[in-house]
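One file, my_file32.pdb, carrying PDB, C-alpha atoms and all ligand atoms:
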```pdb
ATOM      1  CA  MET A   1      14.552  20.909   4.227  1.00  0.00           C
ATOM      2  CA  ALA A   2      16.258  19.756   1.060  1.00  0.00           C
ATOM      3  CA  VAL A   3      15.445  16.240  -0.035  1.00  0.00           C
ATOM      4  CA  SER A   4      18.559  14.122  -0.212  1.00  0.00           C
ATOM      5  CA  ALA A   5      17.505  10.769  -1.583  1.00  0.00           C
ATOM      6  CA  CYS A   6      20.275   8.214  -1.918  1.00  0.00           C
ATOM      7  CA  PRO A   7      20.465   5.417  -4.476  1.00  0.00           C
ATOM      8  CA  ILE A   8      19.019   2.182  -3.089  1.00  0.00           C
ATOM      9  CA  ARG A   9      21.603  -0.599  -2.885  1.00  0.00           C
ATOM     10  CA  GLN A  10      20.656  -3.727  -4.812  1.00  0.00           C
ATOM     11  CA  ILE A  11      20.983  -7.428  -3.993  1.00  0.00           C
ATOM     12  CA  GLY A  12      24.581  -8.467  -4.538  1.00  0.00           C
ATOM     13  CA  ASP A  13      25.941  -5.396  -2.766  1.00  0.00           C
ATOM     14  CA  PRO A  14      27.815  -6.753   0.294  1.00  0.00           C
ATOM     15  CA  VAL A  15      26.424  -3.993   2.547  1.00  0.00           C
ATOM     16  CA  LEU A  16      23.040  -5.728   2.347  1.00  0.00           C
ATOM     17  CA  ARG A  17      24.504  -8.956   3.698  1.00  0.00           C
ATOM     18  CA  GLY A  18      26.372  -7.817   6.790  1.00  0.00           C
ATOM     19  CA  VAL A  19      25.185  -7.476  10.378  1.00  0.00           C
ATOM     20  CA  ALA A  20      24.694  -3.749  10.999  1.00  0.00           C
ATOM     21  CA  ALA A  21      26.333  -2.158  14.052  1.00  0.00           C
ATOM     22  CA  PRO A  22      24.290  -0.695  16.937  1.00  0.00           C
ATOM     23  CA  ILE A  23      24.074   3.079  17.328  1.00  0.00           C
ATOM     24  CA  ASP A  24      25.263   4.562  20.599  1.00  0.00           C
ATOM     25  CA  PRO A  25      22.692   7.010  22.058  1.00  0.00           C
ATOM     26  CA  ALA A  26      25.368   9.724  22.366  1.00  0.00           C
ATOM     27  CA  GLU A  27      26.209   9.332  18.687  1.00  0.00           C
ATOM     28  CA  LEU A  28      22.512   9.387  17.821  1.00  0.00           C
ATOM     29  CA  ALA A  29      22.226  12.974  19.035  1.00  0.00           C
ATOM     30  CA  GLY A  30      25.067  14.163  16.793  1.00  0.00           C
ATOM     31  CA  PRO A  31      24.597  15.934  13.447  1.00  0.00           C
ATOM     32  CA  GLU A  32      26.085  13.090  11.404  1.00  0.00           C
ATOM     33  CA  MET A  33      23.588  10.503  12.612  1.00  0.00           C
ATOM     34  CA  GLN A  34      20.662  12.943  12.418  1.00  0.00           C
ATOM     35  CA  SER A  35      21.625  13.724   8.832  1.00  0.00           C
ATOM     36  CA  MET A  36      21.792   9.990   8.042  1.00  0.00           C
ATOM     37  CA  ILE A  37      18.261   9.595   9.442  1.00  0.00           C
ATOM     38  CA  ASP A  38      17.028  12.461   7.252  1.00  0.00           C
ATOM     39  CA  ASP A  39      18.585  10.721   4.242  1.00  0.00           C
ATOM     40  CA  LEU A  40      16.925   7.437   5.209  1.00  0.00           C
ATOM     41  CA  VAL A  41      13.458   9.023   5.428  1.00  0.00           C
ATOM     42  CA  ASP A  42      13.936  11.052   2.237  1.00  0.00           C
ATOM     43  CA  SER A  43      15.168   7.980   0.350  1.00  0.00           C
ATOM     44  CA  MET A  44      12.225   5.873   1.536  1.00  0.00           C
ATOM     45  CA  ARG A  45       9.746   8.511   0.411  1.00  0.00           C
ATOM     46  CA  ALA A  46      11.476   9.147  -2.915  1.00  0.00           C
ATOM     47  CA  ALA A  47      11.375   5.411  -3.689  1.00  0.00           C
ATOM     48  CA  HIS A  48       7.730   5.115  -2.498  1.00  0.00           C
ATOM     49  CA  GLY A  49       8.705   2.382  -0.050  1.00  0.00           C
ATOM     50  CA  ALA A  50       6.779   1.339   3.063  1.00  0.00           C
ATOM     51  CA  GLY A  51      10.090   1.099   4.873  1.00  0.00           C
ATOM     52  CA  LEU A  52      13.823   1.361   4.417  1.00  0.00           C
ATOM     53  CA  ALA A  53      16.789   0.159   6.451  1.00  0.00           C
ATOM     54  CA  ALA A  54      20.099   2.017   6.694  1.00  0.00           C
ATOM     55  CA  PRO A  55      22.098  -0.727   4.899  1.00  0.00           C
ATOM     56  CA  GLN A  56      19.884  -0.117   1.864  1.00  0.00           C
ATOM     57  CA  ILE A  57      21.467   3.324   1.534  1.00  0.00           C
ATOM     58  CA  GLY A  58      24.896   1.876   2.189  1.00  0.00           C
ATOM     59  CA  ILE A  59      25.130   2.513   5.939  1.00  0.00           C
ATOM     60  CA  ALA A  60      25.763  -0.563   8.074  1.00  0.00           C
ATOM     61  CA  ARG A  61      24.055   0.748  11.216  1.00  0.00           C
ATOM     62  CA  ARG A  62      20.903  -0.384  13.036  1.00  0.00           C
ATOM     63  CA  ALA A  63      18.324   2.167  11.890  1.00  0.00           C
ATOM     64  CA  VAL A  64      15.076   1.712   9.975  1.00  0.00           C
ATOM     65  CA  ALA A  65      12.344   4.037   8.775  1.00  0.00           C
ATOM     66  CA  ILE A  66       8.745   2.885   8.283  1.00  0.00           C
ATOM     67  CA  GLU A  67       5.795   4.824   6.884  1.00  0.00           C
ATOM     68  CA  VAL A  68       2.594   3.784   5.120  1.00  0.00           C
ATOM     69  CA  GLU A  69       0.281   6.506   3.911  1.00  0.00           C
ATOM     70  CA  ASP A  70      -2.981   6.106   1.998  1.00  0.00           C
ATOM     71  CA  ASN A  71      -2.002   4.580  -1.309  1.00  0.00           C
ATOM     72  CA  PRO A  72      -4.604   3.627  -3.944  1.00  0.00           C
ATOM     73  CA  ARG A  73      -2.253   0.913  -5.176  1.00  0.00           C
ATOM     74  CA  TYR A  74      -2.183  -0.718  -1.731  1.00  0.00           C
ATOM     75  CA  PRO A  75      -5.678  -0.113  -0.347  1.00  0.00           C
ATOM     76  CA  TYR A  76      -5.357  -3.120   1.979  1.00  0.00           C
ATOM     77  CA  LYS A  77      -2.330  -1.754   3.837  1.00  0.00           C
ATOM     78  CA  PRO A  78      -3.064  -0.229   7.239  1.00  0.00           C
ATOM     79  CA  ARG A  79      -1.489   3.189   7.647  1.00  0.00           C
ATOM     80  CA  ILE A  80       1.663   3.557   9.721  1.00  0.00           C
ATOM     81  CA  PRO A  81       2.744   7.036  10.797  1.00  0.00           C
ATOM     82  CA  LEU A  82       6.395   7.871  10.105  1.00  0.00           C
ATOM     83  CA  THR A  83       8.494   5.869  12.538  1.00  0.00           C
ATOM     84  CA  VAL A  84      12.280   5.947  12.848  1.00  0.00           C
ATOM     85  CA  ALA A  85      13.590   3.037  14.911  1.00  0.00           C
ATOM     86  CA  ILE A  86      17.153   2.878  16.232  1.00  0.00           C
ATOM     87  CA  ASN A  87      18.528  -0.468  17.480  1.00  0.00           C
ATOM     88  CA  PRO A  88      15.119  -2.145  17.112  1.00  0.00           C
ATOM     89  CA  VAL A  89      14.531  -5.493  18.810  1.00  0.00           C
ATOM     90  CA  ILE A  90      11.643  -7.711  17.733  1.00  0.00           C
ATOM     91  CA  THR A  91      10.179 -10.442  19.925  1.00  0.00           C
ATOM     92  CA  PRO A  92       7.328 -12.641  18.640  1.00  0.00           C
ATOM     93  CA  LEU A  93       4.436 -12.795  21.103  1.00  0.00           C
ATOM     94  CA  ASP A  94       3.336 -16.298  20.093  1.00  0.00           C
ATOM     95  CA  ASP A  95       3.675 -18.886  17.331  1.00  0.00           C
ATOM     96  CA  GLU A  96       0.885 -17.579  15.080  1.00  0.00           C
ATOM     97  CA  THR A  97       2.120 -16.808  11.575  1.00  0.00           C
ATOM     98  CA  PHE A  98       0.709 -15.609   8.266  1.00  0.00           C
ATOM     99  CA  VAL A  99       1.924 -15.685   4.700  1.00  0.00           C
ATOM    100  CA  ASN A 100       2.579 -12.257   3.259  1.00  0.00           C
ATOM    101  CA  ASN A 101       3.641 -11.443  -0.273  1.00  0.00           C
ATOM    102  CA  GLU A 102       6.536  -9.026   0.027  1.00  0.00           C
ATOM    103  CA  GLY A 103       8.586  -6.860  -2.235  1.00  0.00           C
ATOM    104  CA  CYS A 104      11.795  -5.033  -1.385  1.00  0.00           C
ATOM    105  CA  LEU A 105      13.407  -1.957  -2.893  1.00  0.00           C
ATOM    106  CA  SER A 106      16.716  -3.887  -2.989  1.00  0.00           C
ATOM    107  CA  VAL A 107      15.358  -6.988  -4.748  1.00  0.00           C
ATOM    108  CA  PRO A 108      13.678  -7.079  -8.188  1.00  0.00           C
ATOM    109  CA  LEU A 109      11.339  -9.920  -7.144  1.00  0.00           C
ATOM    110  CA  ARG A 110       8.335 -10.422  -4.897  1.00  0.00           C
ATOM    111  CA  GLY A 111       7.653 -13.612  -2.962  1.00  0.00           C
ATOM    112  CA  ASP A 112       5.580 -15.260  -0.247  1.00  0.00           C
ATOM    113  CA  VAL A 113       7.195 -14.893   3.175  1.00  0.00           C
ATOM    114  CA  THR A 114       5.939 -16.329   6.473  1.00  0.00           C
ATOM    115  CA  ARG A 115       5.801 -13.743   9.271  1.00  0.00           C
ATOM    116  CA  HIS A 116       4.707 -13.625  12.895  1.00  0.00           C
ATOM    117  CA  VAL A 117       1.269 -12.054  13.357  1.00  0.00           C
ATOM    118  CA  SER A 118       2.015 -10.337  16.684  1.00  0.00           C
ATOM    119  CA  VAL A 119       5.371  -8.980  17.766  1.00  0.00           C
ATOM    120  CA  ARG A 120       6.760  -6.709  20.451  1.00  0.00           C
ATOM    121  CA  VAL A 121       9.032  -3.969  19.110  1.00  0.00           C
ATOM    122  CA  GLN A 122      11.497  -2.116  21.334  1.00  0.00           C
ATOM    123  CA  TYR A 123      13.579   0.720  19.925  1.00  0.00           C
ATOM    124  CA  LEU A 124      14.846   4.252  20.393  1.00  0.00           C
ATOM    125  CA  ASP A 125      13.358   7.005  18.279  1.00  0.00           C
ATOM    126  CA  ARG A 126      15.623   9.584  16.625  1.00  0.00           C
ATOM    127  CA  HIS A 127      15.586  11.670  19.801  1.00  0.00           C
ATOM    128  CA  GLY A 128      16.781   8.755  21.917  1.00  0.00           C
ATOM    129  CA  VAL A 129      13.405   8.131  23.546  1.00  0.00           C
ATOM    130  CA  ALA A 130      12.724   4.447  24.266  1.00  0.00           C
ATOM    131  CA  HIS A 131       9.573   2.871  22.816  1.00  0.00           C
ATOM    132  CA  ASP A 132       8.025  -0.499  23.609  1.00  0.00           C
ATOM    133  CA  GLN A 133       4.927  -1.453  21.665  1.00  0.00           C
ATOM    134  CA  ILE A 134       3.005  -4.363  20.210  1.00  0.00           C
ATOM    135  CA  VAL A 135       2.281  -4.468  16.488  1.00  0.00           C
ATOM    136  CA  ARG A 136       0.146  -6.924  14.559  1.00  0.00           C
ATOM    137  CA  GLY A 137      -0.706  -8.107  11.093  1.00  0.00           C
ATOM    138  CA  LEU A 138       0.759  -6.397   8.029  1.00  0.00           C
ATOM    139  CA  THR A 139       2.351  -3.767  10.244  1.00  0.00           C
ATOM    140  CA  ALA A 140       4.144  -6.530  12.152  1.00  0.00           C
ATOM    141  CA  GLY A 141       5.242  -7.957   8.796  1.00  0.00           C
ATOM    142  CA  THR A 142       6.709  -4.618   7.763  1.00  0.00           C
ATOM    143  CA  TRP A 143       8.676  -4.386  11.008  1.00  0.00           C
ATOM    144  CA  GLN A 144      10.028  -7.914  10.571  1.00  0.00           C
ATOM    145  CA  HIS A 145      11.028  -7.186   6.959  1.00  0.00           C
ATOM    146  CA  GLU A 146      12.907  -3.994   7.842  1.00  0.00           C
ATOM    147  CA  CYS A 147      14.646  -5.483  10.879  1.00  0.00           C
ATOM    148  CA  ASP A 148      15.745  -8.476   8.771  1.00  0.00           C
ATOM    149  CA  HIS A 149      17.822  -5.996   6.735  1.00  0.00           C
ATOM    150  CA  LEU A 150      19.851  -5.150   9.853  1.00  0.00           C
ATOM    151  CA  ASP A 151      20.999  -8.775  10.043  1.00  0.00           C
ATOM    152  CA  GLY A 152      21.740  -9.149   6.343  1.00  0.00           C
ATOM    153  CA  THR A 153      18.584 -11.151   5.587  1.00  0.00           C
ATOM    154  CA  LEU A 154      16.632 -10.516   2.374  1.00  0.00           C
ATOM    155  CA  ILE A 155      13.229 -11.770   1.224  1.00  0.00           C
ATOM    156  CA  VAL A 156      14.844 -14.266  -1.141  1.00  0.00           C
ATOM    157  CA  ASP A 157      16.229 -16.035   1.951  1.00  0.00           C
ATOM    158  CA  ARG A 158      12.801 -16.431   3.515  1.00  0.00           C
ATOM    159  CA  ALA A 159      10.516 -16.723   0.481  1.00  0.00           C
ATOM    160  CA  ASP A 160       9.043 -19.954  -0.812  1.00  0.00           C
ATOM    161  CA  PRO A 161      11.164 -20.135  -4.016  1.00  0.00           C
ATOM    162  CA  ALA A 162       8.192 -21.318  -6.098  1.00  0.00           C
ATOM    163  CA  THR A 163       6.384 -18.043  -5.357  1.00  0.00           C
ATOM    164  CA  LEU A 164       9.134 -15.681  -6.558  1.00  0.00           C
ATOM    165  CA  ALA A 165       7.855 -13.387  -9.307  1.00  0.00           C
ATOM    166  CA  THR A 166       8.814 -10.159 -10.995  1.00  0.00           C
ATOM    167  CA  TRP A 167       6.491  -7.257 -10.221  1.00  0.00           C
ATOM    168  CA  ASP A 168       4.954  -7.458 -13.698  1.00  0.00           C
ATOM    169  CA  GLU A 169       4.238 -11.172 -13.432  1.00  0.00           C
ATOM    170  CA  PHE A 170       2.943 -10.758  -9.883  1.00  0.00           C
ATOM    171  CA  ASP A 171       0.509  -8.119 -11.143  1.00  0.00           C
ATOM    172  CA  ARG A 172      -0.499 -10.303 -14.082  1.00  0.00           C
ATOM    173  CA  HIS A 173      -1.000 -13.622 -12.299  1.00  0.00           C
ATOM    174  CA  HIS A 174      -1.090 -13.284  -8.529  1.00  0.00           C
ATOM    175  CA  ARG A 175      -2.019  -9.791  -7.369  1.00  0.00           C
ATOM    176  CA  ALA A 176      -5.813 -10.159  -7.448  1.00  0.00           C
ATOM    177  CA  ALA A 177      -5.863 -13.353  -5.369  1.00  0.00           C
ATOM    178  CA  PHE A 178      -3.313 -11.936  -2.937  1.00  0.00           C
ATOM    179  CA  VAL A 179      -5.233  -8.696  -2.396  1.00  0.00           C
ATOM    180  CA  GLU A 180      -8.429 -10.651  -1.724  1.00  0.00           C
ATOM    181  CA  ARG A 181      -6.710 -12.938   0.779  1.00  0.00           C
ATOM    182  CA  ILE A 182      -4.743 -10.226   2.556  1.00  0.00           C
ATOM    183  CA  THR A 183      -7.748  -7.896   2.777  1.00  0.00           C
ATOM    184  CA  GLN A 184      -9.617 -10.619   4.694  1.00  0.00           C
ATOM    185  CA  PHE A 185      -6.558 -11.109   6.907  1.00  0.00           C
ATOM    186  CA  VAL A 186      -6.356  -7.382   7.704  1.00  0.00           C
ATOM    187  CA  ARG A 187     -10.071  -7.356   8.563  1.00  0.00           C
ATOM    188  CA  ARG A 188      -9.504 -10.281  10.916  1.00  0.00           C
ATOM    189  CA  VAL A 189      -6.416  -9.156  12.806  1.00  0.00           C
ATOM    190  CA  GLY A 190      -6.452  -5.376  12.269  1.00  0.00           C
ATOM    191  CA  SER A 191      -3.154  -3.604  12.015  1.00  0.00           C
TER     192      SER A 191
HETATM  193 NI    NI A 201      13.457  -4.525   1.973  1.00  0.00          NI
END
```
As a first step, turn the structure in this file into structure tokens.
Ligand code: NI
Amino acid sequence: MAVSACPIRQIGDPVLRGVAAPIDPAELAGPEMQSMIDDLVDSMRAAHGAGLAAPQIGIARRAVAIEVEDNPRYPYKPRIPLTVAINPVITPLDDETFVNNEGCLSVPLRGDVTRHVSVRVQYLDRHGVAHDQIVRGLTAGTWQHECDHLDGTLIVDRADPATLATWDEFDRHHRAAFVERITQFVRRVGS
């Protein structure tokens, strides 16, 4: 299959700030929506992202792709097999939270964001099959980040402003301490 990566929309583009529309299951089966999903996955992989939401490729519909493979740059990240989620709904299981440091392909900054540790995720896959699962830890954080995009929320809205940093400055001043802290967190809660 030909790779058809799309440009990633950047903060300031109004499509990143709207509430994306649900996808009807009948429409999901059609070639147009299946092609959009292919584009979403290809674009995520081309940009080396852990996830991508449809608004980030300019499509205001409720679809996200998530995938984390072994990556020497992010050795602390638990793997996530390729997941395409249509109309995802996230429900926190309790009040426990953790502070993650997040980046976003649509934002040139990283920042500390508070996320729920354990969430229930309900969604349709690209074939229209319903899924209902519980995810924890960094994986739960990834789900929350991607689903935020469907409601027009970006990390700059949730981040502690004092922690915002460019990628270079994050690497220079904060990465080592973050990796140490988050590695202990992943050991504690698993993925
Ligand atoms: Ni993002």
Counting all atoms listed in the file, which protein, DNA or RNA residues come within 6 Å of ligand NI 201 (chain A), given as a list of chain:residue names?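 Residues lying within 6 Å of ligand NI 201 (chain A): A:Cys104, A:Leu105, A:Ser106, A:Glu146.
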I want to know what sits within 12 Å of A:Gly12, based on all atoms listed in the file, with residues of the same chain fewer than 3 positions away left out; could you give that as an mmCIF file with C-alpha atoms, in the coordinates of the input?
```cif
data_model
loop_
_atom_site.group_PDB
_atom_site.id
_atom_site.type_symbol
_atom_site.label_atom_id
_atom_site.label_comp_id
_atom_site.auth_asym_id
_atom_site.auth_seq_id
_atom_site.Cartn_x
_atom_site.Cartn_y
_atom_site.Cartn_z
ATOM 1 C CA ARG A 9 21.603 -0.599 -2.885
ATOM 2 C CA VAL A 15 26.424 -3.993 2.547
ATOM 3 C CA LEU A 16 23.040 -5.728 2.347
ATOM 4 C CA ARG A 17 24.504 -8.956 3.698
ATOM 5 C CA GLY A 18 26.372 -7.817 6.790
ATOM 6 C CA GLN A 56 19.884 -0.117 1.864
ATOM 7 C CA SER A 106 16.716 -3.887 -2.989
ATOM 8 C CA VAL A 107 15.358 -6.988 -4.748
ATOM 9 C CA PRO A 108 13.678 -7.079 -8.188
ATOM 10 C CA GLY A 152 21.740 -9.149 6.343
ATOM 11 C CA LEU A 154 16.632 -10.516 2.374
ATOM 12 C CA VAL A 156 14.844 -14.266 -1.141
#
```
Residues matched by the PyMOL selection byres (((chain A and resi 111) around 8) and not hetatm), written as a list of chain:residue names: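 Those residues are A:Asn101, A:Glu102, A:Gly103, A:Leu109, A:Arg110, A:Asp112, A:Val113, A:Ile155, A:Val156, A:Ala159, A:Asp160, A:Pro161, A:Thr163, A:Leu164, A:Ala165.
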Check which residues satisfy the PyMOL selection byres (((chain A and resi 95) around 9) and not hetatm) in the file shown, then give them as a list in words.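 Taken over the shown coordinates, the PyMOL selection byres (((chain A and resi 95) around 9) and not hetatm) returns Pro92, Leu93, Asp94, Glu96, Thr97, His116, Val117 and Ser118 of chain A.
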Hey, can you check how far atom CA of A:Thr183 sits from atom CA of A:Thr142?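 According to the coordinates, atom CA of A:Thr183 and atom CA of A:Thr142 are separated by 15.6 Å.
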Using only C-alpha atoms, can you tell me which of A:Ala177, A:Ile23, A:Val68, A:Val119 comes closest to A:Ile86? A:Ile23
Given the file shown, enumerate the residues that the PyMOL selection byres (((chain A and resi 122) around 8) and not hetatm) captures and present them as an MDAnalysis selection string. chainID A and resid 88:90 120:121 123:124 130:133
Neighbours of point (24.5, 0.9, 2.3) within 12 Å, using all atoms listed in the file, written as a short mmCIF file (atom, residue, chain, number, x, y, z; two decimals) with C-alpha atoms, keeping the file's coordinate frame:
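Wrote it out as out_28.cif, contents follow:
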```cif
data_model
loop_
_atom_site.label_atom_id
_atom_site.label_comp_id
_atom_site.auth_asym_id
_atom_site.auth_seq_id
_atom_site.Cartn_x
_atom_site.Cartn_y
_atom_site.Cartn_z
CA CYS A 6 20.27 8.21 -1.92
CA PRO A 7 20.46 5.42 -4.48
CA ILE A 8 19.02 2.18 -3.09
CA ARG A 9 21.60 -0.60 -2.88
CA GLN A 10 20.66 -3.73 -4.81
CA ILE A 11 20.98 -7.43 -3.99
CA GLY A 12 24.58 -8.47 -4.54
CA ASP A 13 25.94 -5.40 -2.77
CA PRO A 14 27.82 -6.75 0.29
CA VAL A 15 26.42 -3.99 2.55
CA LEU A 16 23.04 -5.73 2.35
CA ARG A 17 24.50 -8.96 3.70
CA GLY A 18 26.37 -7.82 6.79
CA VAL A 19 25.18 -7.48 10.38
CA ALA A 20 24.69 -3.75 11.00
CA MET A 36 21.79 9.99 8.04
CA ASP A 39 18.58 10.72 4.24
CA LEU A 40 16.92 7.44 5.21
CA SER A 43 15.17 7.98 0.35
CA LEU A 52 13.82 1.36 4.42
CA ALA A 53 16.79 0.16 6.45
CA ALA A 54 20.10 2.02 6.69
CA PRO A 55 22.10 -0.73 4.90
CA GLN A 56 19.88 -0.12 1.86
CA ILE A 57 21.47 3.32 1.53
CA GLY A 58 24.90 1.88 2.19
CA ILE A 59 25.13 2.51 5.94
CA ALA A 60 25.76 -0.56 8.07
CA ARG A 61 24.06 0.75 11.22
CA ARG A 62 20.90 -0.38 13.04
CA ALA A 63 18.32 2.17 11.89
CA SER A 106 16.72 -3.89 -2.99
CA HIS A 149 17.82 -6.00 6.74
CA LEU A 150 19.85 -5.15 9.85
CA GLY A 152 21.74 -9.15 6.34
#
```
For A:Asp148, the nearest of the candidates A:Ala176, A:Pro78, A:Gly51, A:Val135, counting all atoms listed in the file: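 Ranking A:Ala176, A:Pro78, A:Gly51, A:Val135 by distance to A:Asp148, first place goes to A:Gly51.
Closest approach to A:Val179 among A:Thr114, A:Asn100, A:Gln144, A:Ser4 is made by A:Asn100 (distances from all atoms listed in the file).
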Separation of atom CA of A:Asp70 from atom CA of A:Asp171, in Å and rounded to one decimal: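 Computing it gives 19.7 Å between the two atoms.
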